[in-house]
Amino acid sequence: MIDINAIGKNIRQKIENVSAFGDGRRACGRIVYSGDGIIRIAGLEDVKYNELLEVKGGYRALALNLEEGSVGAVLFSGEDKVRYGDVVYSTGETVQMRVGEELLGRIVDPLGEAIDGLAPLKTTQTRPVEYPAPAIMDRGKVNKPLQTGILAIDSMIPIGRGQRELIIGDRQTGKTAIAVDAILNQKNENVICIYVSIGQKASSLAKIIQTLRNAGAMDYTCVVCSTADDAAPLQYIAPYSGCALAEYFMYQGKDVLIVYDDLSKHAVAYRAMSLLLKRPAGREAYPGDVFYLHSRLLERAAKLSEEKGGGSITALPIVETLAGDISAYIPTNVISITDGQIYLETELFNSGVRPAVNVGLSVSRVGGSAQRAAIRQISGQLRINLAQYRELAIFMQFGSDLDSETQKTLSRGAKMTDTLKQKQYLNYSVKEMIILLTVSQSDLVDKIPEKKMAAYNEGLLDYIRANCSELMEGLDPDRKLSDEDRNRILAVAEEYLNCSVGEEQGSTSDKEYAEA
Ligand code: ATP
Ligand code: MG
């Protein structure tokens with residue numbers, strides 16, 4: 001007797017095991033629509049969501065819409081080369097990012113190919129671009145600070161390793177500058193940095209890379225870049241690729257800092273793709289899953305527990321607002337996903353307060369527990385004092401008579417604001433921060449002339465470095481500042497004040513003498 005069913009099953013099994021192309025490519029279909037970087041393929045069976053497809057001519061595409069009878073995919077390249085009727089193969093693989101120590105110091109595209117003109121990457125290790133975030137039980141507490149070197153941030157909006165802190169503000173308010181300063185400050189901190197550019201202008205990106213090179217920061221940094229003229233799908237996967245590389249280091253127990261510059265452009269790229277794929281549009285024409293777009297990315301930033309190696313990914317996503325509107329769709333989404341935000345304001349930036357951090361609207365929800373003990377102790381009152389000063393300053397605009405107490409608060413507030421101003425690429429060490437914060441909150445500031453605060457601070461640090469470096473070395477940031485240390489700092493500060501004022505008087509009298 002011949003068992004028809006058994007024969008049929010046998011044949012089907014044999015067919016399933018055969019790879020039609022002998023090299024991992026499994027099924028094939030044909031393009032029935034191509035336009036604006038989108039292709040629709042008929043006859044392609046057994047494709048997974050997010051699977052990499054290969055189009056005739058070696059172009060790659062990403063399967064995003066699995067529909068009855070056809071598959072919708074976005075092309076990474078070759079938008080104007082593929083045609084109706086071209087063959088498309090499925091590969092059975094999702095998109096992979098190349099990983100390895102080798103990537104440090106390199107500039108790569110979101111698919112892991114080097115684009116800096118140096119030798120091609122040798123590494124064969126890869127990680128999936130989309131990967132589940134660490135589970136709750138695998139996470140530890142954020143307990144180590146990530147020092148940015150920016151006084152206003154490290155004192156009032158501290159960031160811990162494993163935290164996600166949003167940098168938000170209008171265009172040209174110094175968002176990128178803060179992120180780059182944070183990368184530069186990791187020089188001797190044993191933190192690996194990844195800068196992901198999403199849809200940036202190629203010229204601004206070149207400037208950033210040059211800055212990192214000049215400061216020697218490329219030794220521990222990898223730049224994953226997609227520029228404004230890259231296809232939307234490349235911009236779309238860039239942050240996930242960067243995150244895959246960060247995970248490679250995190251799961252080895254290392255600390256990583258990753259900057260996503262910026263997620264507004266990421267959302268726009270995703271919106272373009274979704275609309276072209278004819279997905280339904282929602283608020284501001286973004287598709288319904290735009291929250292998931294960013295939440296699944298930022299959830300991958302974590303501090304792992306000691307059992308899992310204790311590595312961490314600290315994420316600094318950047319979001320651009322329009323006319324300071326933080327209640328727009330993407331800003332509110334990302335604010336709700338992250339553990340705090342650094343809010344930058346155009347008015348502050350233009351009035352010379354740089355970094356233009358609005359202290360009232362900026363918060364850090366977990367970094368406080370990771371802050372260095374000494375900084376925490378001396379900056380405890382800072383926020384309240386500044387808030388008081390700002391309120392008074394607004395009141396003062398009405399021009400009412402001021403009593404001496406109010407005048408003192410105002411002048412102290414102005415001096416504190418001056419202390420928090422900081423030039424780009426001029427990072428303070430923790431010990432320098434302790435000195436600046438101690439002096440600017442003591443009674444000594446009343447003796448420093450108005451408008452001279454910045455010069456005084458700069459001079460004071462130089463003076464201490466030159467004349468009493470043992471004072472700086474003796475400070476222990478991980479312990480509360482003792483009264484003894486505090487007095488010593490203030491004594492030196494007064495000493496410097498006296499000699500600087502003396503010098504100044506000397507110079508004025510010289511001038512007067514010359515005039516006479
Ligand atoms: P975009 O919206 O174009 O991305 P952005 O918000 O990232 O802008 P940056 O490019 O970082 O802003 O900075 C804008 C300009 O402000 C730059 O020319 C930069 O040099 C300057 N700048 C930023 N921070 C400071 C600072 N602390 N002191 C002085 N200049 C600064
Ligand atoms: Mg920028």
# chains A, B, ... in the order shown; residues from 1 in each chain; ligands from 1
>>> residues_around(residues="stretch 202-205 of chain A", least_positions_apart="2", cutoff="9 Å", atoms="only C-alpha atoms", output="compact mmCIF listing (two decimals) with C-alpha atoms, in the first residue's frame")
# COMPACT_ATOMS: atom_id res chain seq x y z
CA SER A 197 23.64 61.72 15.07
CA GLY A 199 19.40 63.62 10.66
CA GLN A 200 21.98 66.30 11.60
CA LYS A 207 32.42 70.17 13.54
CA ILE A 208 31.47 67.91 16.45
CA ILE A 209 33.76 65.13 15.24
CA GLN A 210 36.60 67.64 14.88
CA CYS A 225 25.96 58.85 12.07
CA SER A 226 23.06 59.41 9.81
CA THR A 227 22.87 62.85 8.27
CA ALA A 228 19.95 64.86 6.95
CA ASP A 229 20.43 63.54 3.43
>>> residues_around(residues="A:Thr94", least_positions_apart="4", cutoff="9 Å", atoms="only C-alpha atoms", output="list in words")
Lys48, Tyr49, Asn50, Glu51, Leu52, Leu53, Leu62, Pro128, Val129 and Glu130 of chain A
>>> residues_near_ligand(ligand="ligand 1", cutoff="7 Å", atoms="only C-alpha atoms and all ligand atoms", output="PyMOL selection string")
chain A and resi 169-178+320+354-355+422-424
>>> select_by_dssp(residues="stretch 59-200 of chain A", states="helix (DSSP H, G or I)", output="list in words")
Glu101, Glu102, Leu103, Ile136, Met137, Asp138, Leu151, Ala152, Ile153, Asp154, Ser155, Met156, Lys175, Thr176, Ala177, Ile178, Ala179, Val180, Asp181, Ala182, Ile183 and Leu184 of chain A
>>> select_by_dssp(residues="stretch 14-173 of chain A", states="strand (DSSP E)", output="short mmCIF file (atom, residue, chain, number, x, y, z; two decimals) with all heavy atoms, in the first residue's frame")
data_model
loop_
_atom_site.label_atom_id
_atom_site.label_comp_id
_atom_site.auth_asym_id
_atom_site.auth_seq_id
_atom_site.Cartn_x
_atom_site.Cartn_y
_atom_site.Cartn_z
N CYS A 28 11.66 34.23 -2.25
CA CYS A 28 11.76 35.42 -3.07
C CYS A 28 10.40 35.86 -3.59
O CYS A 28 9.46 35.07 -3.71
CB CYS A 28 12.75 35.24 -4.20
SG CYS A 28 12.18 34.24 -5.54
N GLY A 29 10.28 37.12 -3.86
CA GLY A 29 9.06 37.68 -4.42
C GLY A 29 9.44 38.75 -5.42
O GLY A 29 10.63 38.95 -5.70
N ARG A 30 8.44 39.46 -5.91
CA ARG A 30 8.75 40.50 -6.89
C ARG A 30 8.14 41.83 -6.47
O ARG A 30 7.08 41.85 -5.85
CB ARG A 30 8.22 40.10 -8.26
CG ARG A 30 9.12 39.09 -8.91
CD ARG A 30 8.74 38.81 -10.32
NE ARG A 30 9.55 37.72 -10.84
CZ ARG A 30 10.77 37.89 -11.38
NH1 ARG A 30 11.29 39.08 -11.49
NH2 ARG A 30 11.46 36.85 -11.80
N ILE A 31 8.82 42.90 -6.83
CA ILE A 31 8.34 44.24 -6.48
C ILE A 31 7.12 44.57 -7.34
O ILE A 31 7.16 44.44 -8.56
CB ILE A 31 9.44 45.28 -6.70
CG1 ILE A 31 10.62 44.99 -5.75
CG2 ILE A 31 8.91 46.69 -6.48
CD1 ILE A 31 11.74 45.98 -5.83
N VAL A 32 6.04 44.98 -6.67
CA VAL A 32 4.87 45.39 -7.44
C VAL A 32 4.63 46.89 -7.32
O VAL A 32 3.79 47.45 -8.00
CB VAL A 32 3.59 44.63 -6.98
CG1 VAL A 32 3.69 43.17 -7.36
CG2 VAL A 32 3.37 44.79 -5.50
N TYR A 33 5.38 47.54 -6.41
CA TYR A 33 5.29 49.00 -6.32
C TYR A 33 6.62 49.52 -5.79
O TYR A 33 7.20 48.94 -4.88
CB TYR A 33 4.15 49.42 -5.36
CG TYR A 33 4.20 50.89 -5.01
CD1 TYR A 33 3.62 51.83 -5.85
CD2 TYR A 33 4.85 51.33 -3.86
CE1 TYR A 33 3.70 53.18 -5.56
CE2 TYR A 33 4.93 52.67 -3.56
CZ TYR A 33 4.35 53.60 -4.41
OH TYR A 33 4.44 54.93 -4.11
N SER A 34 7.09 50.59 -6.35
CA SER A 34 8.30 51.21 -5.82
C SER A 34 8.19 52.72 -5.97
O SER A 34 7.90 53.22 -7.05
CB SER A 34 9.52 50.69 -6.58
OG SER A 34 10.61 51.53 -6.33
N GLY A 35 8.39 53.42 -4.89
CA GLY A 35 8.34 54.88 -4.96
C GLY A 35 8.67 55.49 -3.62
O GLY A 35 8.31 54.93 -2.57
N ILE A 38 9.93 53.38 -0.76
CA ILE A 38 9.06 52.32 -0.25
C ILE A 38 8.89 51.28 -1.35
O ILE A 38 8.70 51.64 -2.52
CB ILE A 38 7.66 52.89 0.07
CG1 ILE A 38 7.76 54.01 1.10
CG2 ILE A 38 6.69 51.81 0.51
CD1 ILE A 38 8.16 53.55 2.45
N ILE A 39 8.96 50.00 -1.00
CA ILE A 39 8.62 48.98 -1.99
C ILE A 39 7.54 48.07 -1.43
O ILE A 39 7.44 47.88 -0.21
CB ILE A 39 9.85 48.13 -2.42
CG1 ILE A 39 10.61 47.59 -1.20
CG2 ILE A 39 10.76 48.92 -3.32
CD1 ILE A 39 11.72 46.64 -1.56
N ARG A 40 6.72 47.56 -2.33
CA ARG A 40 5.71 46.60 -1.96
C ARG A 40 6.04 45.33 -2.74
O ARG A 40 6.34 45.41 -3.94
CB ARG A 40 4.33 47.13 -2.35
CG ARG A 40 3.23 46.80 -1.42
CD ARG A 40 2.04 47.68 -1.71
NE ARG A 40 2.12 48.91 -0.92
CZ ARG A 40 1.88 48.96 0.38
NH1 ARG A 40 1.53 47.87 1.04
NH2 ARG A 40 1.99 50.09 1.03
N ILE A 41 6.04 44.20 -2.03
CA ILE A 41 6.50 42.97 -2.67
C ILE A 41 5.39 41.94 -2.64
O ILE A 41 4.78 41.72 -1.59
CB ILE A 41 7.74 42.40 -1.93
CG1 ILE A 41 8.78 43.51 -1.77
CG2 ILE A 41 8.33 41.22 -2.65
CD1 ILE A 41 9.36 43.59 -0.41
N ALA A 42 5.15 41.30 -3.77
CA ALA A 42 4.16 40.22 -3.81
C ALA A 42 4.86 38.89 -3.91
O ALA A 42 5.96 38.80 -4.47
CB ALA A 42 3.24 40.42 -5.02
N GLU A 51 12.44 42.16 9.34
CA GLU A 51 13.45 41.31 8.69
C GLU A 51 14.17 42.10 7.59
O GLU A 51 13.58 42.96 6.94
CB GLU A 51 12.76 40.07 8.09
CG GLU A 51 13.75 39.10 7.49
CD GLU A 51 13.10 37.76 7.13
OE1 GLU A 51 12.12 37.38 7.79
OE2 GLU A 51 13.58 37.14 6.19
N LEU A 52 15.44 41.76 7.41
CA LEU A 52 16.22 42.40 6.36
C LEU A 52 15.93 41.71 5.03
O LEU A 52 15.98 40.48 4.94
CB LEU A 52 17.70 42.25 6.73
CG LEU A 52 18.67 43.24 6.15
CD1 LEU A 52 18.30 44.65 6.56
CD2 LEU A 52 20.07 42.91 6.63
N LEU A 53 15.63 42.47 4.01
CA LEU A 53 15.37 41.90 2.68
C LEU A 53 16.49 42.33 1.74
O LEU A 53 17.14 43.35 1.95
CB LEU A 53 14.04 42.42 2.13
CG LEU A 53 12.81 42.24 3.01
CD1 LEU A 53 11.60 42.86 2.36
CD2 LEU A 53 12.57 40.76 3.28
N GLU A 54 16.70 41.53 0.72
CA GLU A 54 17.73 41.89 -0.24
C GLU A 54 17.11 42.06 -1.61
O GLU A 54 16.45 41.14 -2.11
CB GLU A 54 18.78 40.79 -0.25
CG GLU A 54 20.11 41.28 -0.76
CD GLU A 54 21.12 40.15 -0.82
OE1 GLU A 54 21.27 39.46 0.21
OE2 GLU A 54 21.70 39.97 -1.88
N VAL A 55 17.29 43.21 -2.20
CA VAL A 55 16.71 43.49 -3.51
C VAL A 55 17.78 43.26 -4.56
O VAL A 55 18.97 43.43 -4.28
CB VAL A 55 16.21 44.95 -3.58
CG1 VAL A 55 15.44 45.20 -4.86
CG2 VAL A 55 15.34 45.26 -2.38
N TYR A 59 20.79 45.93 -2.94
CA TYR A 59 20.23 46.93 -2.03
C TYR A 59 19.51 46.23 -0.89
O TYR A 59 18.95 45.16 -1.07
CB TYR A 59 19.27 47.84 -2.77
CG TYR A 59 19.91 48.45 -3.98
CD1 TYR A 59 19.48 48.13 -5.26
CD2 TYR A 59 20.98 49.33 -3.84
CE1 TYR A 59 20.09 48.67 -6.37
CE2 TYR A 59 21.60 49.87 -4.94
CZ TYR A 59 21.16 49.54 -6.21
OH TYR A 59 21.78 50.07 -7.29
N ARG A 60 19.50 46.88 0.26
CA ARG A 60 18.84 46.26 1.41
C ARG A 60 17.60 47.03 1.81
O ARG A 60 17.53 48.24 1.63
CB ARG A 60 19.82 46.18 2.59
CG ARG A 60 20.84 45.09 2.35
CD ARG A 60 21.73 44.91 3.51
NE ARG A 60 22.74 45.97 3.57
CZ ARG A 60 23.74 45.95 4.43
NH1 ARG A 60 23.85 44.97 5.30
NH2 ARG A 60 24.62 46.92 4.44
N ALA A 61 16.63 46.28 2.30
CA ALA A 61 15.37 46.90 2.72
C ALA A 61 14.92 46.27 4.02
O ALA A 61 15.39 45.20 4.41
CB ALA A 61 14.32 46.72 1.63
N LEU A 62 14.02 46.95 4.71
CA LEU A 62 13.53 46.49 6.01
C LEU A 62 12.03 46.24 5.90
O LEU A 62 11.28 47.13 5.51
CB LEU A 62 13.81 47.58 7.03
CG LEU A 62 13.49 47.31 8.49
CD1 LEU A 62 14.40 46.22 9.03
CD2 LEU A 62 13.68 48.59 9.30
N ALA A 63 11.60 45.00 6.21
CA ALA A 63 10.17 44.66 6.10
C ALA A 63 9.43 45.24 7.29
O ALA A 63 9.73 44.92 8.44
CB ALA A 63 10.01 43.14 6.07
N LEU A 64 8.47 46.12 7.05
CA LEU A 64 7.75 46.75 8.15
C LEU A 64 6.25 46.48 8.13
O LEU A 64 5.61 46.44 9.18
CB LEU A 64 7.98 48.27 8.14
CG LEU A 64 9.34 48.74 8.65
CD1 LEU A 64 9.42 50.25 8.60
CD2 LEU A 64 9.60 48.29 10.07
N ASN A 65 5.68 46.33 6.95
CA ASN A 65 4.23 46.07 6.88
C ASN A 65 3.99 44.67 6.34
O ASN A 65 4.30 44.39 5.19
CB ASN A 65 3.56 47.07 5.94
CG ASN A 65 3.15 48.33 6.66
OD1 ASN A 65 3.65 48.60 7.76
ND2 ASN A 65 2.25 49.07 6.07
N LEU A 66 3.46 43.80 7.18
CA LEU A 66 3.16 42.44 6.70
C LEU A 66 1.66 42.37 6.45
O LEU A 66 0.88 42.34 7.39
CB LEU A 66 3.57 41.41 7.75
CG LEU A 66 5.01 41.56 8.27
CD1 LEU A 66 5.33 40.48 9.28
CD2 LEU A 66 6.01 41.49 7.13
N SER A 70 0.79 41.02 0.33
CA SER A 70 2.01 41.77 -0.01
C SER A 70 2.77 42.17 1.25
O SER A 70 2.23 42.13 2.36
CB SER A 70 1.66 43.02 -0.82
OG SER A 70 1.11 43.99 0.03
N VAL A 71 4.02 42.53 1.05
CA VAL A 71 4.86 42.98 2.15
C VAL A 71 5.32 44.40 1.82
O VAL A 71 5.78 44.65 0.71
CB VAL A 71 6.09 42.07 2.30
CG1 VAL A 71 7.06 42.62 3.32
CG2 VAL A 71 5.67 40.66 2.68
N GLY A 72 5.17 45.32 2.78
CA GLY A 72 5.66 46.68 2.58
C GLY A 72 7.02 46.81 3.23
O GLY A 72 7.22 46.37 4.36
N ALA A 73 7.98 47.39 2.52
CA ALA A 73 9.33 47.51 3.08
C ALA A 73 9.92 48.87 2.73
O ALA A 73 9.49 49.51 1.77
CB ALA A 73 10.22 46.39 2.53
N VAL A 74 10.91 49.30 3.54
CA VAL A 74 11.58 50.57 3.26
C VAL A 74 13.01 50.28 2.83
O VAL A 74 13.66 49.40 3.38
CB VAL A 74 11.59 51.49 4.50
CG1 VAL A 74 10.21 52.01 4.78
CG2 VAL A 74 12.15 50.78 5.70
N LEU A 75 13.48 51.01 1.85
CA LEU A 75 14.82 50.77 1.30
C LEU A 75 15.87 51.58 2.05
O LEU A 75 15.66 52.76 2.33
CB LEU A 75 14.84 51.20 -0.17
CG LEU A 75 14.24 50.24 -1.19
CD1 LEU A 75 14.05 50.98 -2.50
CD2 LEU A 75 15.12 49.03 -1.38
N VAL A 87 13.48 41.18 -8.35
CA VAL A 87 13.35 40.09 -7.39
C VAL A 87 13.81 40.56 -6.00
O VAL A 87 14.79 41.29 -5.89
CB VAL A 87 14.20 38.88 -7.82
CG1 VAL A 87 14.02 37.72 -6.86
CG2 VAL A 87 13.84 38.48 -9.22
N VAL A 88 13.08 40.15 -4.96
CA VAL A 88 13.46 40.46 -3.58
C VAL A 88 13.59 39.16 -2.81
O VAL A 88 12.72 38.31 -2.88
CB VAL A 88 12.40 41.35 -2.90
CG1 VAL A 88 12.80 41.68 -1.48
CG2 VAL A 88 12.16 42.61 -3.69
N TYR A 89 14.69 39.00 -2.09
CA TYR A 89 14.89 37.80 -1.29
C TYR A 89 14.69 38.12 0.18
O TYR A 89 15.05 39.20 0.63
CB TYR A 89 16.32 37.28 -1.45
CG TYR A 89 16.72 37.01 -2.87
CD1 TYR A 89 17.45 37.94 -3.59
CD2 TYR A 89 16.38 35.81 -3.49
CE1 TYR A 89 17.83 37.70 -4.90
CE2 TYR A 89 16.76 35.56 -4.79
CZ TYR A 89 17.49 36.51 -5.50
OH TYR A 89 17.85 36.27 -6.78
N SER A 90 14.19 37.16 0.90
CA SER A 90 14.19 37.34 2.36
C SER A 90 15.46 36.70 2.89
O SER A 90 15.99 35.76 2.30
CB SER A 90 12.96 36.69 2.98
OG SER A 90 13.03 35.30 2.84
N THR A 91 15.99 37.21 3.99
CA THR A 91 17.27 36.71 4.50
C THR A 91 17.11 35.92 5.78
O THR A 91 18.04 35.25 6.22
CB THR A 91 18.23 37.87 4.78
OG1 THR A 91 17.62 38.68 5.78
CG2 THR A 91 18.51 38.69 3.55
N GLY A 92 15.95 36.02 6.42
CA GLY A 92 15.76 35.31 7.68
C GLY A 92 16.44 35.99 8.85
O GLY A 92 16.45 35.49 9.97
N GLU A 93 17.05 37.16 8.62
CA GLU A 93 17.77 37.84 9.69
C GLU A 93 17.15 39.20 9.96
O GLU A 93 16.64 39.83 9.04
CB GLU A 93 19.21 38.12 9.25
CG GLU A 93 20.13 36.98 9.45
CD GLU A 93 21.49 37.31 8.85
OE1 GLU A 93 21.77 38.50 8.64
OE2 GLU A 93 22.23 36.35 8.60
N THR A 94 17.25 39.63 11.20
CA THR A 94 16.87 41.01 11.47
C THR A 94 18.12 41.87 11.27
O THR A 94 19.21 41.34 11.09
CB THR A 94 16.36 41.17 12.91
OG1 THR A 94 17.34 40.61 13.76
CG2 THR A 94 15.03 40.48 13.11
N GLN A 96 21.39 43.80 11.88
CA GLN A 96 22.44 43.61 12.86
C GLN A 96 23.40 44.78 12.82
O GLN A 96 23.62 45.38 11.77
CB GLN A 96 23.24 42.34 12.54
CG GLN A 96 22.42 41.07 12.50
CD GLN A 96 22.18 40.52 13.89
OE1 GLN A 96 23.05 40.54 14.74
NE2 GLN A 96 20.97 40.01 14.12
N MET A 97 23.96 45.10 13.98
CA MET A 97 24.97 46.16 14.06
C MET A 97 26.30 45.51 14.40
O MET A 97 26.36 44.64 15.26
CB MET A 97 24.57 47.15 15.16
CG MET A 97 25.63 48.16 15.54
SD MET A 97 25.85 49.38 14.25
CE MET A 97 27.10 50.44 15.00
N ARG A 98 27.36 45.92 13.75
CA ARG A 98 28.67 45.39 14.09
C ARG A 98 29.11 45.97 15.42
O ARG A 98 28.90 47.16 15.67
CB ARG A 98 29.67 45.81 13.04
CG ARG A 98 29.37 45.21 11.72
CD ARG A 98 30.67 44.98 11.07
NE ARG A 98 30.58 44.91 9.66
CZ ARG A 98 31.67 44.84 8.92
NH1 ARG A 98 32.85 44.91 9.50
NH2 ARG A 98 31.57 44.74 7.64
N ILE A 107 34.00 56.21 12.96
CA ILE A 107 32.73 56.81 12.58
C ILE A 107 32.03 55.80 11.68
O ILE A 107 32.59 55.39 10.66
CB ILE A 107 32.96 58.14 11.85
CG1 ILE A 107 33.69 59.09 12.79
CG2 ILE A 107 31.66 58.76 11.39
CD1 ILE A 107 34.50 60.11 12.08
N VAL A 108 30.87 55.36 12.08
CA VAL A 108 30.20 54.29 11.33
C VAL A 108 28.79 54.72 10.95
O VAL A 108 28.21 55.61 11.56
CB VAL A 108 30.12 52.98 12.16
CG1 VAL A 108 31.49 52.43 12.43
CG2 VAL A 108 29.37 53.21 13.46
N THR A 126 28.42 40.73 15.89
CA THR A 126 27.29 41.62 15.65
C THR A 126 26.30 41.49 16.80
O THR A 126 26.35 40.54 17.58
CB THR A 126 26.54 41.26 14.35
OG1 THR A 126 26.11 39.90 14.44
CG2 THR A 126 27.39 41.46 13.12
N ARG A 127 25.43 42.47 16.90
CA ARG A 127 24.31 42.40 17.84
C ARG A 127 23.07 42.88 17.12
O ARG A 127 23.14 43.76 16.26
CB ARG A 127 24.56 43.32 19.05
CG ARG A 127 25.37 42.69 20.14
CD ARG A 127 25.38 43.59 21.36
NE ARG A 127 24.11 43.52 22.06
CZ ARG A 127 23.85 42.65 23.03
NH1 ARG A 127 24.78 41.82 23.43
NH2 ARG A 127 22.67 42.63 23.61
N PRO A 128 21.90 42.29 17.49
CA PRO A 128 20.68 42.74 16.83
C PRO A 128 20.40 44.21 17.18
O PRO A 128 20.60 44.63 18.32
CB PRO A 128 19.59 41.83 17.39
CG PRO A 128 20.18 41.23 18.61
CD PRO A 128 21.65 41.21 18.44
N LEU A 166 16.89 63.84 29.69
CA LEU A 166 16.57 64.52 28.43
C LEU A 166 17.19 65.91 28.40
O LEU A 166 17.15 66.64 29.39
CB LEU A 166 15.05 64.60 28.32
CG LEU A 166 14.45 65.45 27.22
CD1 LEU A 166 14.76 64.86 25.87
CD2 LEU A 166 12.95 65.56 27.39
N ILE A 167 17.74 66.30 27.27
CA ILE A 167 18.18 67.68 27.06
C ILE A 167 17.20 68.28 26.07
O ILE A 167 17.08 67.81 24.94
CB ILE A 167 19.60 67.75 26.50
CG1 ILE A 167 20.57 67.04 27.44
CG2 ILE A 167 20.03 69.20 26.29
CD1 ILE A 167 21.97 66.92 26.90
N ILE A 168 16.44 69.28 26.52
CA ILE A 168 15.36 69.80 25.69
C ILE A 168 15.46 71.31 25.57
O ILE A 168 15.86 71.99 26.52
CB ILE A 168 13.99 69.36 26.27
CG1 ILE A 168 12.86 69.73 25.34
CG2 ILE A 168 13.76 69.89 27.66
CD1 ILE A 168 11.55 69.08 25.71
N GLY A 169 15.14 71.83 24.41
CA GLY A 169 15.20 73.28 24.21
C GLY A 169 15.00 73.62 22.74
O GLY A 169 15.01 72.73 21.90
#
>>> closest_residue(among="A:Asp230, A:Glu306, A:Glu102, A:Asp403", to="A:Gly253", atoms="only C-alpha atoms")
A:Glu306
>>> residues_around(residues="stretch 404-412 of chain A", least_positions_apart="2", cutoff="6 Å", atoms="only C-alpha atoms", output="PyMOL selection string")
chain A and resi 389+414-415
>>> closest_residue(among="A:Leu382, A:Ala215, A:Leu245, A:Val319", to="ligand 2", atoms="only C-alpha atoms and all ligand atoms")
A:Val319
>>> closest_residue(among="A:Asp262, A:Asp36, A:Glu458, A:Glu247", to="ligand 2", atoms="only C-alpha atoms and all ligand atoms")
A:Asp262
>>> closest_residue(among="A:Tyr131, A:Tyr248, A:Tyr220, A:Tyr260", to="ligand 2", atoms="only C-alpha atoms and all ligand atoms")
A:Tyr260
>>> residues_around(residues="A:Glu189", least_positions_apart="6", cutoff="12 Å", atoms="only C-alpha atoms", output="list of chain:residue names")
A:Lys144, A:Pro145, A:Leu146, A:Gln147, A:Thr148, A:Gly149, A:Arg161, A:Ala182, A:Ile183, A:Ala217, A:Tyr220, A:Lys254, A:Asp255, A:Val256, A:Leu257, A:Ser429
